[in-house]
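Undergrad: Before I ask anything, let me first share the structure, which is written out below as structure tokens.
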Amino acid sequence: MQEPLNQRVLACEQENRRLRKLLALQSVAGLAIVLGAYAGISRAGGDNTVDTIRAREILVVDANNVVRARMSGDMPDAVMAGGRVAKRGTKAAGFMIYDEEGIERGGYVTMDTGSNAMLSLDSKHHMVAHMVVGPDKEEAAALRLGGQQRALEFRTDDNGARMSLEAERKVVQQIPAIDTLRPESCQQQIELEQKYPGRNICRFRFTAEACARCLKAQ
């Protein structure tokens, strides 16, 4: 009776040694796989880099955990000084920068509505400088410097290229002045005036004479 028991104990010890060896081999194989994958990643794009990162949003924070840069496929509305929220009016995707208070100070985005591409620089209160380019073949583009009280704008579109000086959101001088709007532009201004009565939308981009000539034709 004692002999079979000893044999069983011996067999168990042998099996135990075999399992330990197998486990050790598996551990070595697993480590080799991990090291191989790491080496592959390193070869793909340099030290600890990969070829492609796919994400909906990437945030960069400073030492105080304040968001200083954001790359997003769906940019949130801007938060300005005093916690005021500036609505974008449409979804936007791209890159934004923020100051030490987390206030938006500029960005480079594409807008869903209108499909414009825009580069902007902001004060803590308002957008002060921005360049926008339209999506159409007419190659419309504008560079605007200033705020609501005064601004200088360089623009080119189907009405021609010009420089406009603005005061209180109205063109006060334009070089060269656009005397007559193209029919498509005039119709667009008429529709905007009807949609936003009393806001003088046309005067935001053209002289009083050009707007009067266009709006009288409606």
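A note on labels: chains of the structure tokens are A, B, ... as shown, every chain counts residues from 1, and ligands are counted from 1 in their shown order.
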Quick one: pick out all strand (DSSP E or B) residues within range 150-191 of chain A from a backbone DSSP run and write them as an MDAnalysis selection string.

TA: chainID A and resid 150:157 160:167 170:175

Undergrad: Give me the residues within 12 Å of range 63-78 of chain A as a PyMOL selection string, counting only C-alpha atoms and dropping any in the same chain fewer than 3 places off.

TA: chain A and resi 54-60+81-112+122-127

Undergrad: For the residues in that selection, give me N, CA and C atoms as a compact mmCIF listing (two decimals), in the first residue's frame.

TA:
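Done, and the output landed in result.txt:
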# COMPACT_ATOMS: atom_id res chain seq x y z
N ARG A 54 -6.18 57.82 -33.71
CA ARG A 54 -7.56 58.11 -34.09
C ARG A 54 -8.33 58.47 -32.82
N ALA A 55 -8.84 59.69 -32.74
CA ALA A 55 -9.53 60.15 -31.54
C ALA A 55 -10.56 61.21 -31.89
N ARG A 56 -11.57 61.37 -31.04
CA ARG A 56 -12.55 62.43 -31.23
C ARG A 56 -12.07 63.75 -30.65
N GLU A 57 -11.22 63.67 -29.63
CA GLU A 57 -10.73 64.89 -28.99
C GLU A 57 -9.43 64.62 -28.26
N ILE A 58 -8.50 65.59 -28.34
CA ILE A 58 -7.23 65.53 -27.62
C ILE A 58 -7.07 66.85 -26.87
N LEU A 59 -6.82 66.78 -25.56
CA LEU A 59 -6.64 67.97 -24.73
C LEU A 59 -5.20 68.06 -24.25
N VAL A 60 -4.65 69.28 -24.24
CA VAL A 60 -3.32 69.54 -23.69
C VAL A 60 -3.50 70.44 -22.48
N ALA A 81 -14.17 85.91 -21.12
CA ALA A 81 -13.98 86.49 -19.80
C ALA A 81 -15.30 86.61 -19.06
N GLY A 82 -15.26 86.36 -17.75
CA GLY A 82 -16.45 86.43 -16.92
C GLY A 82 -17.37 85.25 -17.08
N GLY A 83 -16.92 84.22 -17.79
CA GLY A 83 -17.75 83.04 -17.98
C GLY A 83 -18.77 83.17 -19.09
N ARG A 84 -18.71 84.27 -19.88
CA ARG A 84 -19.66 84.46 -20.97
C ARG A 84 -19.43 83.40 -22.05
N VAL A 85 -20.51 82.77 -22.49
CA VAL A 85 -20.42 81.74 -23.51
C VAL A 85 -20.75 82.36 -24.87
N ALA A 86 -19.81 82.25 -25.82
CA ALA A 86 -20.01 82.77 -27.17
C ALA A 86 -20.40 81.60 -28.07
N LYS A 87 -21.64 81.58 -28.52
CA LYS A 87 -22.13 80.51 -29.37
C LYS A 87 -21.46 80.56 -30.75
N ARG A 88 -21.08 79.41 -31.27
CA ARG A 88 -20.47 79.36 -32.59
C ARG A 88 -21.51 79.44 -33.70
N GLY A 89 -22.72 79.02 -33.40
CA GLY A 89 -23.78 79.05 -34.41
C GLY A 89 -23.78 77.86 -35.34
N THR A 90 -22.73 77.07 -35.30
CA THR A 90 -22.64 75.86 -36.11
C THR A 90 -21.57 74.96 -35.51
N LYS A 91 -21.62 73.70 -35.84
CA LYS A 91 -20.57 72.80 -35.38
C LYS A 91 -19.27 73.14 -36.08
N ALA A 92 -18.18 72.95 -35.36
CA ALA A 92 -16.86 73.25 -35.91
C ALA A 92 -15.88 72.17 -35.47
N ALA A 93 -14.87 71.95 -36.29
CA ALA A 93 -13.84 70.97 -35.98
C ALA A 93 -12.49 71.57 -36.29
N GLY A 94 -11.49 71.25 -35.45
CA GLY A 94 -10.16 71.77 -35.69
C GLY A 94 -9.34 71.87 -34.43
N PHE A 95 -8.64 73.01 -34.27
CA PHE A 95 -7.67 73.20 -33.19
C PHE A 95 -7.92 74.54 -32.51
N MET A 96 -7.96 74.56 -31.17
CA MET A 96 -8.15 75.78 -30.40
C MET A 96 -7.04 75.95 -29.37
N ILE A 97 -6.72 77.22 -29.06
CA ILE A 97 -5.75 77.52 -28.00
C ILE A 97 -6.44 78.33 -26.90
N TYR A 98 -5.95 78.18 -25.68
CA TYR A 98 -6.54 78.83 -24.50
C TYR A 98 -5.44 79.46 -23.66
N ASP A 99 -5.79 80.53 -22.91
CA ASP A 99 -4.78 81.18 -22.07
C ASP A 99 -4.73 80.54 -20.70
N GLU A 100 -4.00 81.18 -19.78
CA GLU A 100 -3.78 80.60 -18.45
C GLU A 100 -5.06 80.50 -17.62
N GLU A 101 -6.12 81.23 -18.03
CA GLU A 101 -7.40 81.15 -17.33
C GLU A 101 -8.36 80.16 -17.98
N GLY A 102 -7.92 79.55 -19.07
CA GLY A 102 -8.80 78.64 -19.80
C GLY A 102 -9.73 79.34 -20.76
N ILE A 103 -9.47 80.63 -21.04
CA ILE A 103 -10.30 81.41 -21.96
C ILE A 103 -9.81 81.18 -23.39
N GLU A 104 -10.75 80.95 -24.30
CA GLU A 104 -10.37 80.71 -25.69
C GLU A 104 -9.73 81.96 -26.29
N ARG A 105 -8.56 81.76 -26.94
CA ARG A 105 -7.83 82.89 -27.51
C ARG A 105 -7.56 82.75 -29.00
N GLY A 106 -8.09 81.73 -29.62
CA GLY A 106 -7.92 81.60 -31.06
C GLY A 106 -8.03 80.17 -31.52
N GLY A 107 -8.04 80.00 -32.84
CA GLY A 107 -8.14 78.64 -33.35
C GLY A 107 -8.07 78.57 -34.85
N TYR A 108 -8.05 77.34 -35.33
CA TYR A 108 -8.01 77.05 -36.76
C TYR A 108 -9.03 75.95 -36.99
N VAL A 109 -10.17 76.28 -37.60
CA VAL A 109 -11.28 75.33 -37.67
C VAL A 109 -11.95 75.35 -39.04
N THR A 110 -12.75 74.33 -39.30
CA THR A 110 -13.69 74.33 -40.42
C THR A 110 -15.09 74.30 -39.83
N MET A 111 -16.01 75.05 -40.44
CA MET A 111 -17.36 75.18 -39.95
C MET A 111 -18.29 74.28 -40.76
N ASP A 112 -19.20 73.57 -40.08
CA ASP A 112 -20.12 72.68 -40.80
C ASP A 112 -21.08 73.48 -41.68
N ASP A 122 -8.20 85.86 -30.66
CA ASP A 122 -9.18 86.55 -29.83
C ASP A 122 -8.54 87.26 -28.66
N SER A 123 -9.19 88.35 -28.20
CA SER A 123 -8.88 88.89 -26.89
C SER A 123 -9.61 88.03 -25.87
N LYS A 124 -9.60 88.41 -24.61
CA LYS A 124 -10.37 87.66 -23.62
C LYS A 124 -11.87 87.90 -23.75
N HIS A 125 -12.26 88.88 -24.60
CA HIS A 125 -13.66 89.27 -24.67
C HIS A 125 -14.31 89.02 -26.04
N HIS A 126 -13.54 89.21 -27.12
CA HIS A 126 -14.12 89.07 -28.46
C HIS A 126 -13.08 88.58 -29.44
N MET A 127 -13.55 88.10 -30.58
CA MET A 127 -12.66 87.79 -31.69
C MET A 127 -12.17 89.10 -32.30

Undergrad: Please, what distance in Å, to one decimal, runs between CA of Gly114 in chain A and CA of Lys137 in chain A?

TA: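 Separation of CA of Gly114 in chain A and CA of Lys137 in chain A: 13.5 Å.
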
Undergrad: Using CA of Glu138 in chain A and CA of Leu192 in chain A as the two end points, give the distance in Å to one decimal.

TA: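 Taking CA of Glu138 in chain A as the start and CA of Leu192 in chain A as the end point, the length is 20.5 Å.
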
Undergrad: Do you have the CA of Glu153 in chain A-CA of Phe206 in chain A distance handy?

TA: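 A separation of 11.3 Å between them.
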
Undergrad: Neighbouring residues of Arg199 in chain A were defined as those with any atom within 12 Å, considering only C-alpha atoms; residues of the same chain fewer than 4 positions away were excluded. Please report them as a ChimeraX atom specification.

TA: /A:168-170,189,192-195,203-204

Undergrad: For N, CA and C atoms, I'd like the residues from the last selection saved as a PDB file, in the first residue's frame.

TA:
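again-v7.pdb written:
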ATOM      1  N   GLU A 168     -18.838 100.915 -35.993  1.00  0.00           N
ATOM      2  CA  GLU A 168     -20.107 100.446 -35.448  1.00  0.00           C
ATOM      3  C   GLU A 168     -20.825  99.525 -36.437  1.00  0.00           C
ATOM      4  N   ARG A 169     -20.068  98.596 -37.009  1.00  0.00           N
ATOM      5  CA  ARG A 169     -20.578  97.552 -37.895  1.00  0.00           C
ATOM      6  C   ARG A 169     -21.179  98.081 -39.188  1.00  0.00           C
ATOM      7  N   LYS A 170     -20.676  99.233 -39.656  1.00  0.00           N
ATOM      8  CA  LYS A 170     -21.108  99.784 -40.931  1.00  0.00           C
ATOM      9  C   LYS A 170     -19.886 100.234 -41.720  1.00  0.00           C
ATOM     10  N   GLN A 189     -28.404  89.710 -50.029  1.00  0.00           N
ATOM     11  CA  GLN A 189     -28.563  90.789 -49.065  1.00  0.00           C
ATOM     12  C   GLN A 189     -30.038  91.088 -48.797  1.00  0.00           C
ATOM     13  N   LEU A 192     -31.280  88.458 -46.437  1.00  0.00           N
ATOM     14  CA  LEU A 192     -30.766  88.671 -45.082  1.00  0.00           C
ATOM     15  C   LEU A 192     -31.479  89.827 -44.392  1.00  0.00           C
ATOM     16  N   GLU A 193     -31.764  90.886 -45.147  1.00  0.00           N
ATOM     17  CA  GLU A 193     -32.481  92.027 -44.567  1.00  0.00           C
ATOM     18  C   GLU A 193     -33.889  91.625 -44.140  1.00  0.00           C
ATOM     19  N   GLN A 194     -34.510  90.754 -44.921  1.00  0.00           N
ATOM     20  CA  GLN A 194     -35.846  90.270 -44.567  1.00  0.00           C
ATOM     21  C   GLN A 194     -35.795  89.336 -43.358  1.00  0.00           C
ATOM     22  N   LYS A 195     -34.747  88.554 -43.282  1.00  0.00           N
ATOM     23  CA  LYS A 195     -34.610  87.597 -42.174  1.00  0.00           C
ATOM     24  C   LYS A 195     -34.245  88.300 -40.874  1.00  0.00           C
ATOM     25  N   ARG A 203     -25.138  96.837 -44.783  1.00  0.00           N
ATOM     26  CA  ARG A 203     -24.163  97.892 -44.446  1.00  0.00           C
ATOM     27  C   ARG A 203     -22.941  97.351 -43.729  1.00  0.00           C
ATOM     28  N   PHE A 204     -23.018  96.125 -43.276  1.00  0.00           N
ATOM     29  CA  PHE A 204     -21.874  95.506 -42.614  1.00  0.00           C
ATOM     30  C   PHE A 204     -20.773  95.174 -43.624  1.00  0.00           C
TER      31      PHE A 204
END
